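Data file: query.csv. Format and content: CSV, N, CA and C atoms and all ligand atoms.
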```
chain,number,residue,atom,x,y,z
A,1,MET,N,-26.8,5.4,-73.8
A,1,MET,CA,-26.4,6.5,-74.7
A,1,MET,C,-27.3,7.7,-74.5
A,2,GLY,N,-28.5,7.5,-74.1
A,2,GLY,CA,-29.4,8.7,-74.0
A,2,GLY,C,-29.1,9.5,-72.8
A,3,LYS,N,-28.4,9.0,-71.8
A,3,LYS,CA,-28.1,9.8,-70.6
A,3,LYS,C,-26.8,10.5,-70.7
A,4,ALA,N,-26.8,11.7,-71.0
A,4,ALA,CA,-25.6,12.5,-71.2
A,4,ALA,C,-25.6,13.7,-70.2
A,5,ALA,N,-26.4,13.5,-69.2
A,5,ALA,CA,-26.5,14.7,-68.2
A,5,ALA,C,-25.4,14.6,-67.2
A,6,GLN,N,-24.2,15.1,-67.7
A,6,GLN,CA,-23.1,15.1,-66.8
A,6,GLN,C,-22.9,16.4,-66.1
A,7,THR,N,-23.8,17.3,-66.3
A,7,THR,CA,-23.7,18.6,-65.7
A,7,THR,C,-24.4,18.7,-64.3
A,8,THR,N,-25.0,17.6,-63.9
A,8,THR,CA,-25.6,17.6,-62.6
A,8,THR,C,-24.6,17.7,-61.5
A,9,GLY,N,-24.9,18.5,-60.6
A,9,GLY,CA,-23.9,18.6,-59.4
A,9,GLY,C,-22.7,19.3,-59.8
A,10,GLY,N,-22.7,20.2,-60.8
A,10,GLY,CA,-21.5,20.9,-61.2
A,10,GLY,C,-21.0,21.8,-60.1
A,11,LYS,N,-21.9,22.4,-59.3
A,11,LYS,CA,-21.4,23.2,-58.2
A,11,LYS,C,-21.4,22.4,-56.9
A,12,MET,N,-20.3,22.4,-56.3
A,12,MET,CA,-20.2,21.7,-55.0
A,12,MET,C,-20.3,22.7,-53.9
A,13,ARG,N,-21.2,22.3,-53.0
A,13,ARG,CA,-21.4,23.2,-51.8
A,13,ARG,C,-20.3,23.0,-50.8
A,14,LYS,N,-19.8,24.1,-50.4
A,14,LYS,CA,-18.7,24.1,-49.3
A,14,LYS,C,-19.3,24.7,-48.1
A,15,LYS,N,-18.7,24.3,-47.0
A,15,LYS,CA,-19.2,24.8,-45.7
A,15,LYS,C,-18.9,26.3,-45.6
A,16,ALA,N,-17.9,26.7,-46.4
A,16,ALA,CA,-17.6,28.1,-46.4
A,16,ALA,C,-18.7,29.0,-46.9
A,17,ASP,N,-19.7,28.4,-47.5
A,17,ASP,CA,-20.8,29.2,-48.0
A,17,ASP,C,-21.6,29.7,-46.8
A,18,LEU,N,-21.5,29.1,-45.7
A,18,LEU,CA,-22.3,29.6,-44.5
A,18,LEU,C,-21.7,31.0,-44.1
A,19,PRO,N,-22.6,31.8,-43.6
A,19,PRO,CA,-22.1,33.1,-43.1
A,19,PRO,C,-21.3,32.8,-41.8
A,20,ALA,N,-20.4,33.8,-41.5
A,20,ALA,CA,-19.5,33.6,-40.4
A,20,ALA,C,-19.3,34.9,-39.7
A,21,LYS,N,-18.9,34.8,-38.4
A,21,LYS,CA,-18.6,36.0,-37.6
A,21,LYS,C,-17.4,35.8,-36.8
A,22,ILE,N,-16.9,36.9,-36.2
A,22,ILE,CA,-15.8,36.8,-35.3
A,22,ILE,C,-16.3,36.9,-33.9
A,23,CYS,N,-16.0,36.0,-33.0
A,23,CYS,CA,-16.4,36.1,-31.6
A,23,CYS,C,-15.8,37.3,-31.0
A,24,VAL,N,-16.6,38.0,-30.2
A,24,VAL,CA,-16.0,39.2,-29.6
A,24,VAL,C,-15.2,38.9,-28.4
A,25,ILE,N,-15.3,37.7,-27.9
A,25,ILE,CA,-14.5,37.2,-26.7
A,25,ILE,C,-13.2,36.6,-27.1
A,26,CYS,N,-13.3,35.5,-27.9
A,26,CYS,CA,-12.0,34.8,-28.2
A,26,CYS,C,-11.5,35.2,-29.6
A,27,HIS,N,-12.2,36.0,-30.3
A,27,HIS,CA,-11.7,36.6,-31.6
A,27,HIS,C,-11.5,35.4,-32.6
A,28,ARG,N,-12.3,34.4,-32.5
A,28,ARG,CA,-12.2,33.3,-33.4
A,28,ARG,C,-13.4,33.3,-34.4
A,29,PRO,N,-13.2,33.0,-35.6
A,29,PRO,CA,-14.3,32.9,-36.5
A,29,PRO,C,-15.2,31.7,-36.2
A,30,PHE,N,-16.5,31.9,-36.3
A,30,PHE,CA,-17.4,30.8,-36.1
A,30,PHE,C,-18.5,30.9,-37.2
A,31,ALA,N,-19.0,29.7,-37.6
A,31,ALA,CA,-19.9,29.7,-38.7
A,31,ALA,C,-21.4,29.6,-38.2
A,32,TRP,N,-22.2,30.0,-39.1
A,32,TRP,CA,-23.6,30.0,-38.8
A,32,TRP,C,-24.1,28.6,-38.4
A,33,ARG,N,-25.0,28.6,-37.4
A,33,ARG,CA,-25.7,27.4,-37.0
A,33,ARG,C,-27.2,27.5,-37.1
A,34,ARG,N,-27.8,26.4,-37.2
A,34,ARG,CA,-29.2,26.4,-37.4
A,34,ARG,C,-30.0,27.1,-36.2
A,35,LYS,N,-29.4,26.9,-35.0
A,35,LYS,CA,-30.1,27.4,-33.9
A,35,LYS,C,-30.1,28.9,-33.9
A,36,TRP,N,-29.2,29.5,-34.7
A,36,TRP,CA,-29.1,31.0,-34.8
A,36,TRP,C,-29.9,31.5,-36.0
A,37,ALA,N,-30.7,30.7,-36.6
A,37,ALA,CA,-31.4,31.1,-37.8
A,37,ALA,C,-32.2,32.3,-37.5
A,38,VAL,N,-32.8,32.4,-36.4
A,38,VAL,CA,-33.7,33.5,-36.1
A,38,VAL,C,-33.1,34.7,-35.4
A,39,CYS,N,-31.8,34.6,-35.0
A,39,CYS,CA,-31.2,35.7,-34.3
A,39,CYS,C,-29.8,35.9,-34.7
A,40,TRP,N,-29.4,35.6,-35.9
A,40,TRP,CA,-28.1,35.6,-36.4
A,40,TRP,C,-27.5,37.0,-36.2
A,41,ASP,N,-28.3,38.0,-36.5
A,41,ASP,CA,-27.8,39.4,-36.4
A,41,ASP,C,-27.4,39.8,-35.0
A,42,GLN,N,-27.9,39.1,-34.0
A,42,GLN,CA,-27.6,39.5,-32.7
A,42,GLN,C,-26.5,38.6,-32.0
A,43,VAL,N,-26.2,37.6,-32.8
A,43,VAL,CA,-25.2,36.6,-32.2
A,43,VAL,C,-23.8,37.3,-32.2
A,44,ARG,N,-23.1,37.3,-31.1
A,44,ARG,CA,-21.8,37.8,-31.0
A,44,ARG,C,-20.8,36.9,-30.5
A,45,TYR,N,-21.2,35.8,-29.9
A,45,TYR,CA,-20.3,34.9,-29.3
A,45,TYR,C,-20.3,33.5,-29.9
A,46,CYS,N,-19.2,32.8,-30.0
A,46,CYS,CA,-19.1,31.6,-30.7
A,46,CYS,C,-19.7,30.5,-29.9
A,47,SER,N,-19.9,30.7,-28.6
A,47,SER,CA,-20.4,29.6,-27.7
A,47,SER,C,-21.0,30.2,-26.4
A,48,GLU,N,-21.7,29.3,-25.8
A,48,GLU,CA,-22.2,29.7,-24.5
A,48,GLU,C,-21.2,30.1,-23.5
A,49,LYS,N,-20.0,29.4,-23.6
A,49,LYS,CA,-18.9,29.7,-22.7
A,49,LYS,C,-18.4,31.2,-22.9
A,50,CYS,N,-18.3,31.6,-24.1
A,50,CYS,CA,-17.8,32.9,-24.4
A,50,CYS,C,-18.9,33.9,-23.9
A,51,ARG,N,-20.1,33.6,-24.1
A,51,ARG,CA,-21.2,34.5,-23.7
A,51,ARG,C,-21.2,34.7,-22.2
A,52,ARG,N,-21.0,33.6,-21.5
A,52,ARG,CA,-20.9,33.8,-20.0
A,52,ARG,C,-19.7,34.6,-19.6
A,53,THR,N,-18.6,34.3,-20.3
A,53,THR,CA,-17.3,35.1,-20.0
A,53,THR,C,-17.6,36.6,-20.1
A,54,ARG,N,-18.3,36.9,-21.2
A,54,ARG,CA,-18.6,38.3,-21.4
A,54,ARG,C,-19.4,38.9,-20.3
A,55,GLN,N,-20.4,38.2,-19.8
A,55,GLN,CA,-21.3,38.6,-18.8
A,55,GLN,C,-20.6,38.8,-17.5
A,56,SER,N,-19.7,37.9,-17.2
A,56,SER,CA,-19.0,37.9,-15.9
A,56,SER,C,-17.9,39.0,-16.0
A,57,ALA,N,-17.4,39.2,-17.1
A,57,ALA,CA,-16.3,40.2,-17.3
A,57,ALA,C,-16.8,41.6,-17.2
A,58,THR,N,-18.0,41.8,-17.7
A,58,THR,CA,-18.6,43.2,-17.7
A,58,THR,C,-20.0,43.2,-17.1
A,59,LEU,N,-20.0,43.2,-15.8
A,59,LEU,CA,-21.3,43.2,-15.1
A,59,LEU,C,-22.1,44.5,-15.3
A,60,SER,N,-21.3,45.5,-15.7
A,60,SER,CA,-22.0,46.8,-15.7
A,60,SER,C,-22.7,47.0,-17.1
A,61,VAL,N,-22.5,46.1,-18.0
A,61,VAL,CA,-23.1,46.3,-19.3
A,61,VAL,C,-24.6,46.3,-19.2
A,62,GLN,N,-25.2,47.2,-20.0
A,62,GLN,CA,-26.6,47.4,-19.9
A,62,GLN,C,-27.3,46.7,-21.1
A,63,ASP,N,-26.5,46.4,-22.1
A,63,ASP,CA,-27.1,45.7,-23.2
A,63,ASP,C,-27.3,44.3,-23.0
A,64,ARG,N,-28.5,43.9,-22.7
A,64,ARG,CA,-28.8,42.5,-22.3
A,64,ARG,C,-29.8,41.9,-23.3
A,65,ARG,N,-29.5,42.1,-24.6
A,65,ARG,CA,-30.4,41.6,-25.6
A,65,ARG,C,-30.3,40.1,-25.6
A,66,LEU,N,-29.2,39.5,-25.2
A,66,LEU,CA,-29.1,38.1,-25.2
A,66,LEU,C,-28.9,37.6,-23.8
A,101,ZN,ZN,-15.7,32.8,-28.6
```

Would you mind giving the structure from this file in structure tokens?
Ligand SMILES: [Zn+2]
Amino acid sequence: MGKAAQTTGGKMRKKADLPAKICVICHRPFAWRRKWAVCWDQVRYCSEKCRRTRQSATLSVQDRRL
């Protein structure tokens, strides 16, 4: 009778809470990952594959931050 704490866990966490971006290569949304915790502002690609695609597609690009 003493335990009436039914308000615990009232808010359910959804994966949608994570920040997301649109990949500049495949234009698909991708969610934040732990490995990007330190460089999320600079992340532009959803995957290593897209990143390589970008590099091979534009060899003349001078912005090599990643
Ligand atoms: Zn992509």

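Note that atom N of Arg44 in chain A and atom N of Pro29 in chain A are 11.7 Å apart.
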
**Request:** Give as a PyMOL selection string the residues surrounding ligand ZN 101 (chain A) up to a distance of 6 Å, considering only C-alpha atoms and all ligand atoms.
**Result:** chain A and resi 23+25-26+28+45-47+50

**Asked** So how far away is atom C of Pro19 in chain A from atom N of Arg51 in chain A, in Å?
**Response** 17.8 Å

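Atom pair atom C of Gln55 in chain A / atom N of Ile22 in chain A: separated by 19.2 Å.
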